[in-house]
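To be precise, the following lines are target-v3.cif, and they hold mmCIF, C-alpha atoms.
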data_target
loop_
_atom_site.label_atom_id
_atom_site.label_comp_id
_atom_site.auth_asym_id
_atom_site.auth_seq_id
_atom_site.Cartn_x
_atom_site.Cartn_y
_atom_site.Cartn_z
CA MET T 1 -6.48 13.32 -21.50
CA ILE T 2 -5.98 11.70 -18.11
CA ARG T 3 -8.41 11.68 -15.17
CA VAL T 4 -6.74 10.96 -11.81
CA LEU T 5 -8.39 10.12 -8.49
CA VAL T 6 -6.17 10.96 -5.48
CA VAL T 7 -6.96 9.12 -2.24
CA ASP T 8 -5.25 10.35 0.94
CA ASP T 9 -6.67 11.17 4.38
CA HIS T 10 -4.31 14.09 5.02
CA PRO T 11 -5.79 17.30 3.52
CA VAL T 12 -2.44 19.07 3.11
CA VAL T 13 -0.84 16.08 1.37
CA ARG T 14 -3.90 15.55 -0.82
CA LYS T 15 -4.01 19.19 -1.91
CA GLY T 16 -0.27 19.17 -2.62
CA LEU T 17 -0.58 16.10 -4.83
CA THR T 18 -3.56 17.61 -6.61
CA MET T 19 -1.62 20.79 -7.36
CA VAL T 20 1.35 18.82 -8.74
CA LEU T 21 -0.92 16.80 -11.03
CA ALA T 22 -3.08 19.76 -12.11
CA GLU T 23 -0.04 21.54 -13.54
CA GLU T 24 0.45 18.79 -16.13
CA PRO T 25 -1.33 19.67 -19.43
CA GLU T 26 -2.13 16.01 -20.20
CA ILE T 27 -4.10 15.64 -16.96
CA GLN T 28 -7.67 16.76 -17.52
CA GLU T 29 -9.17 16.26 -14.07
CA VAL T 30 -8.00 15.43 -10.55
CA GLY T 31 -10.55 14.11 -8.07
CA GLU T 32 -10.07 13.73 -4.34
CA ALA T 33 -11.18 11.27 -1.66
CA ASP T 34 -10.14 11.09 1.99
CA SER T 35 -11.17 7.52 2.79
CA ALA T 36 -11.70 4.09 1.28
CA ALA T 37 -15.47 4.52 1.44
CA GLY T 38 -15.30 7.88 -0.32
CA MET T 39 -12.99 6.49 -2.98
CA LEU T 40 -15.24 3.51 -3.73
CA ALA T 41 -18.23 5.84 -4.08
CA MET T 42 -16.37 8.08 -6.53
CA LEU T 43 -15.03 5.07 -8.38
CA GLY T 44 -18.55 3.81 -8.94
CA ALA T 45 -19.93 7.20 -9.96
CA SER T 46 -17.30 8.35 -12.49
CA LYS T 47 -14.76 6.96 -14.91
CA TRP T 48 -11.13 7.47 -13.84
CA ASP T 49 -7.99 6.51 -15.69
CA VAL T 50 -5.84 5.90 -12.61
CA VAL T 51 -6.10 5.92 -8.81
CA VAL T 52 -3.26 7.32 -6.70
CA LEU T 53 -3.83 5.51 -3.40
CA ASP T 54 -2.28 6.12 0.01
CA ILE T 55 -1.58 2.69 1.49
CA SER T 56 -2.43 3.87 5.04
CA LEU T 57 -6.05 5.02 5.29
CA PRO T 58 -7.98 5.17 8.58
CA ASP T 59 -10.93 3.01 7.56
CA ARG T 60 -9.36 0.20 5.52
CA SER T 61 -6.04 -1.51 4.83
CA GLY T 62 -4.40 -0.41 1.61
CA LEU T 63 -4.00 -3.99 0.39
CA GLU T 64 -7.68 -4.71 0.99
CA ILE T 65 -8.69 -1.53 -0.86
CA LEU T 66 -6.42 -2.48 -3.74
CA ARG T 67 -8.22 -5.81 -4.11
CA ASP T 68 -11.61 -4.03 -4.12
CA ILE T 69 -10.47 -1.62 -6.82
CA LYS T 70 -9.14 -4.44 -9.00
CA ALA T 71 -12.45 -6.29 -8.56
CA MET T 72 -14.45 -3.22 -9.65
CA ARG T 73 -12.12 -1.98 -12.39
CA PRO T 74 -9.55 -4.68 -13.20
CA GLU T 75 -8.21 -2.74 -16.19
CA MET T 76 -7.57 0.49 -14.26
CA PRO T 77 -4.03 1.00 -12.89
CA VAL T 78 -3.52 1.79 -9.21
CA LEU T 79 -0.45 3.74 -8.15
CA ILE T 80 0.39 3.24 -4.49
CA LEU T 81 1.66 6.25 -2.55
CA SER T 82 3.26 5.72 0.84
CA MET T 83 5.49 7.21 3.50
CA HIS T 84 6.90 3.74 4.21
CA PRO T 85 10.25 2.61 2.73
CA GLU T 86 9.62 1.31 -0.76
CA ASP T 87 11.84 -1.74 -0.39
CA LEU T 88 9.67 -2.97 2.51
CA TYR T 89 6.21 -2.39 1.00
CA ALA T 90 6.52 -2.09 -2.78
CA PRO T 91 7.15 -5.78 -3.61
CA ARG T 92 4.04 -6.73 -1.64
CA VAL T 93 1.68 -4.20 -3.26
CA LEU T 94 3.03 -4.88 -6.76
CA LYS T 95 2.39 -8.58 -6.21
CA ALA T 96 -1.16 -7.70 -5.10
CA GLY T 97 -1.87 -5.93 -8.39
CA ALA T 98 -0.63 -2.35 -8.04
CA ALA T 99 0.83 -0.80 -11.20
CA GLY T 100 3.48 1.17 -9.33
CA TYR T 101 4.78 2.54 -6.05
CA VAL T 102 5.83 6.11 -5.25
CA SER T 103 7.31 7.29 -1.95
CA LYS T 104 5.74 10.47 -0.57
CA ASP T 105 9.24 11.86 -0.13
CA SER T 106 9.74 11.85 -3.90
CA ALA T 107 6.15 12.38 -5.03
CA ALA T 108 6.72 15.97 -6.20
CA GLU T 109 9.41 14.80 -8.62
CA GLU T 110 8.08 11.38 -9.65
CA LEU T 111 4.28 11.42 -9.47
CA VAL T 112 3.46 12.88 -12.91
CA SER T 113 5.90 10.54 -14.66
CA ALA T 114 4.55 7.60 -12.69
CA VAL T 115 0.94 8.43 -13.59
CA LYS T 116 1.75 8.72 -17.29
CA LYS T 117 3.66 5.44 -17.30
CA VAL T 118 0.96 3.35 -15.61
CA VAL T 119 -1.84 4.91 -17.67
CA GLY T 120 0.17 3.93 -20.74
CA GLY T 121 0.14 0.32 -19.58
CA GLY T 122 3.56 0.19 -17.91
CA LYS T 123 4.76 -0.41 -14.37
CA TYR T 124 6.42 2.32 -12.36
CA VAL T 125 9.25 1.65 -9.94
CA SER T 126 12.23 3.77 -8.95
CA PRO T 127 15.72 2.61 -10.03
CA SER T 128 16.55 1.56 -6.46
CA LEU T 129 13.35 -0.48 -6.25
CA ALA T 130 14.07 -2.12 -9.60
CA GLU T 131 17.37 -3.31 -8.16
CA ARG T 132 15.62 -4.61 -5.05
CA LEU T 133 13.07 -6.53 -7.13
CA ALA T 134 15.91 -8.13 -9.08
CA GLU T 135 17.32 -9.34 -5.76
CA LEU T 136 13.96 -10.79 -4.74
CA ILE T 137 13.80 -13.07 -7.78
CA ASP T 138 17.35 -14.27 -7.27
CA ASP T 139 17.29 -17.92 -6.16
CA ASP T 140 20.02 -17.27 -3.59
CA TYR T 141 18.20 -14.34 -1.96
CA ARG T 142 16.57 -15.33 1.34
CA GLY T 143 14.85 -12.04 2.11
CA ALA T 144 13.90 -10.34 5.36
CA PRO T 145 11.77 -12.28 7.89
CA HIS T 146 8.60 -10.25 7.21
CA GLU T 147 8.79 -11.07 3.49
CA ARG T 148 7.91 -14.68 4.34
CA LEU T 149 4.47 -13.60 5.60
CA SER T 150 1.24 -13.68 3.62
CA ASP T 151 -0.61 -10.39 3.19
CA ARG T 152 -2.99 -11.18 6.08
CA GLU T 153 -0.15 -12.35 8.31
CA PHE T 154 1.77 -9.17 7.50
CA GLN T 155 -1.29 -7.08 8.41
CA VAL T 156 -1.74 -8.92 11.72
CA MET T 157 1.97 -8.64 12.47
CA ARG T 158 1.88 -4.84 12.10
CA MET T 159 -1.19 -4.58 14.34
CA LEU T 160 0.41 -6.76 17.01
CA ALA T 161 3.59 -4.68 16.77
CA GLN T 162 1.49 -1.56 17.35
CA GLY T 163 0.34 -3.02 20.66
CA LYS T 164 -3.21 -3.95 19.66
CA ARG T 165 -4.95 -6.75 21.58
CA LEU T 166 -6.16 -9.90 19.84
CA LYS T 167 -9.79 -8.89 20.40
CA ASP T 168 -9.21 -5.43 18.93
CA ILE T 169 -7.54 -6.96 15.86
CA ALA T 170 -10.36 -9.50 15.52
CA ASP T 171 -13.00 -6.75 15.65
CA GLU T 172 -11.16 -4.55 13.15
CA LEU T 173 -10.58 -7.37 10.65
CA CYS T 174 -13.99 -9.05 11.23
CA LEU T 175 -12.32 -12.28 12.33
CA SER T 176 -12.66 -14.47 15.42
CA VAL T 177 -10.17 -14.12 18.26
CA LYS T 178 -9.20 -17.76 17.67
CA THR T 179 -8.36 -17.02 14.02
CA VAL T 180 -6.26 -14.00 14.98
CA SER T 181 -4.48 -16.10 17.59
CA THR T 182 -3.67 -18.64 14.87
CA TYR T 183 -2.29 -15.87 12.65
CA ARG T 184 -0.17 -14.64 15.56
CA ALA T 185 1.29 -18.13 16.06
CA ARG T 186 2.11 -18.39 12.35
CA VAL T 187 3.74 -14.95 12.33
CA LEU T 188 5.94 -15.74 15.32
CA GLU T 189 6.94 -19.10 13.85
CA LYS T 190 7.77 -17.72 10.38
CA MET T 191 9.75 -14.81 11.83
CA GLY T 192 11.55 -16.93 14.42
CA MET T 193 10.29 -14.86 17.35
CA GLU T 194 8.60 -15.62 20.65
CA SER T 195 6.74 -12.49 21.75
CA ASN T 196 4.86 -9.40 20.64
CA ALA T 197 7.66 -7.30 22.11
CA GLU T 198 10.09 -8.82 19.62
CA LEU T 199 7.66 -8.04 16.80
CA THR T 200 7.42 -4.43 17.97
CA TYR T 201 11.19 -4.03 18.13
CA TYR T 202 11.62 -5.56 14.67
CA ALA T 203 8.82 -3.47 13.12
CA LEU T 204 10.19 -0.22 14.55
CA LYS T 205 13.76 -1.05 13.53
CA ASN T 206 12.69 -1.84 9.96
CA GLY T 207 10.27 1.08 9.50
CA LEU T 208 7.15 -1.11 9.31
CA ILE T 209 5.40 0.98 11.95
CA THR T 210 5.98 4.50 13.29
#
What is this structure when it is put down as structure tokens?
Amino acid sequence: MIRVLVVDDHPVVRKGLTMVLAEEPEIQEVGEADSAAGMLAMLGASKWDVVVLDISLPDRSGLEILRDIKAMRPEMPVLILSMHPEDLYAPRVLKAGAAGYVSKDSAAEELVSAVKKVVGGGKYVSPSLAERLAELIDDDYRGAPHERLSDREFQVMRMLAQGKRLKDIADELCLSVKTVSTYRARVLEKMGMESNAELTYYALKNGLIT
């Protein structure tokens, strides 16, 4: 029997996911958390077979949370759930250690199958994502500009694109303003851009921010 911990800060979404999972006979228990802190507390207090994790939580970055989970329970699969386009985010989270990626738009149809697959030791990706991943390992594929960024650079890029100041980013990420400024310079250089406005336009156009 499978025990699933669902982590999402939106009550309606979280309840909907819980209902979908609870209808599956093989799933014994579905727990809920609305934040990274709440999830880590539940993870330490009980044994779960899989975590279904929203990549966008208010208190922590999804990639940072994923690393914490893998440090605590390296054998436990993490299934990333997101409203963002899978071809933009999935390769990054899979590389960071996630066992699968499910779009919220298709969660009602795919979530149970995805949970069963990752608990069984497999990886879950949609057919369209599988094709995208094949492109990414092709030697002739150059990729989109944001795919050249490291995880931290990608995180800083999104925050800059959202209009956040260097000091605000530094405070949120517990970094110095000088370090954030260095990240900004690297991001602009790697993406071939000159200003935050260009980053914002690119991020909006490519669905990296809303």
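Restricting the calculation to all atoms listed in the file, the smallest distance between T:Gly16 and any of T:Ala107, T:Leu199, T:Met42, T:Met83 is found for T:Ala107.
Picture a line from atom CA of T:Lys47 to atom CA of T:Ser82; it runs 24.0 Å.
The environment of T:Ile169 within 10 Å, counting all atoms listed in the file and disregarding residues fewer than 2 places along the same chain, consists of Gln155, Val156, Met159, Leu160, Lys164, Arg165, Leu166, Lys167, Asp171, Glu172, Leu173, Cys174, Leu175, Ser176, Val177, Val180 and Ser181 of chain T.
Put simply, the PyMOL selection byres ((chain T and resi 200) around 10) on this file hits Met157, Arg158, Met159, Leu160, Ala161, Gln162, Gly163, Ser195, Asn196, Ala197, Glu198, Leu199, Tyr201, Tyr202, Ala203, Leu204, Lys205, Asn206, Leu208 and Ile209 of chain T.
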How about saving the chosen residues, C-alpha atoms kept, as a tab-separated table (two decimals), in the frame of the given file?
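The file below, part_34.tsv, is the result:
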chain	number	residue	atom	x	y	z
T	157	MET	CA	1.97	-8.64	12.47
T	158	ARG	CA	1.88	-4.84	12.10
T	159	MET	CA	-1.19	-4.58	14.34
T	160	LEU	CA	0.41	-6.76	17.01
T	161	ALA	CA	3.59	-4.68	16.77
T	162	GLN	CA	1.49	-1.56	17.35
T	163	GLY	CA	0.34	-3.02	20.66
T	195	SER	CA	6.74	-12.49	21.75
T	196	ASN	CA	4.86	-9.40	20.64
T	197	ALA	CA	7.66	-7.30	22.11
T	198	GLU	CA	10.09	-8.82	19.62
T	199	LEU	CA	7.66	-8.04	16.80
T	201	TYR	CA	11.19	-4.03	18.13
T	202	TYR	CA	11.62	-5.56	14.67
T	203	ALA	CA	8.82	-3.47	13.12
T	204	LEU	CA	10.19	-0.22	14.55
T	205	LYS	CA	13.76	-1.05	13.53
T	206	ASN	CA	12.69	-1.84	9.96
T	208	LEU	CA	7.15	-1.11	9.31
T	209	ILE	CA	5.40	0.98	11.95
Env of T:Lys123: 12 Å cut, atoms = only C-alpha atoms, seq-sep filter 2 positions within chain, self excluded. Answer as a list in words. Pro77, Val78, Leu79, Ile80, Ala90, Leu94, Lys95, Gly97, Ala98, Ala99, Gly100, Tyr101, Val102, Ser113, Ala114, Val115, Lys116, Lys117, Val118, Val119, Gly120, Gly121, Val125, Ser126, Leu129 and Ala130 of chain T
For T:Leu5, please output as a PyMOL selection string all residues within 9 Å (counting all atoms listed in the file; exclusion window: fewer than 6 positions along the same chain). chain T and resi 29-33+39+42-43+48-53
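For the residues T:Lys190, T:Arg92, T:Arg60, T:Arg152, ranking by smallest atom-to-atom distance to T:Asp9 using all atoms listed in the file places T:Arg60 first.
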Just to confirm, what's the straight-line distance from atom CA of T:Val112 to atom CA of T:Ile65 in Å (one decimal)? 22.4 Å
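For the residues T:Leu17, T:Ile55, T:Leu149, T:Leu88, ranking by smallest atom-to-atom distance to T:Ser106 using all atoms listed in the file places T:Leu17 first.
Atom CA of T:Glu23 lies 25.8 Å from atom CA of T:Glu75.
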Restricting the calculation to all atoms listed in the file: of T:Ala96, T:Leu111, T:Leu57, T:Ala36, which residue gets closest to T:His10? T:Leu57
In terms of the shortest atom-to-atom distance over all atoms listed in the file, which of T:Met193, T:Ala170, T:Ala144, T:Val6 is closest to T:Thr18? T:Val6
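When only C-alpha atoms are used to compute distances to T:Ser46, the closest of the residues T:Lys104, T:Arg73, T:Gly122, T:Glu194 turns out to be T:Arg73.
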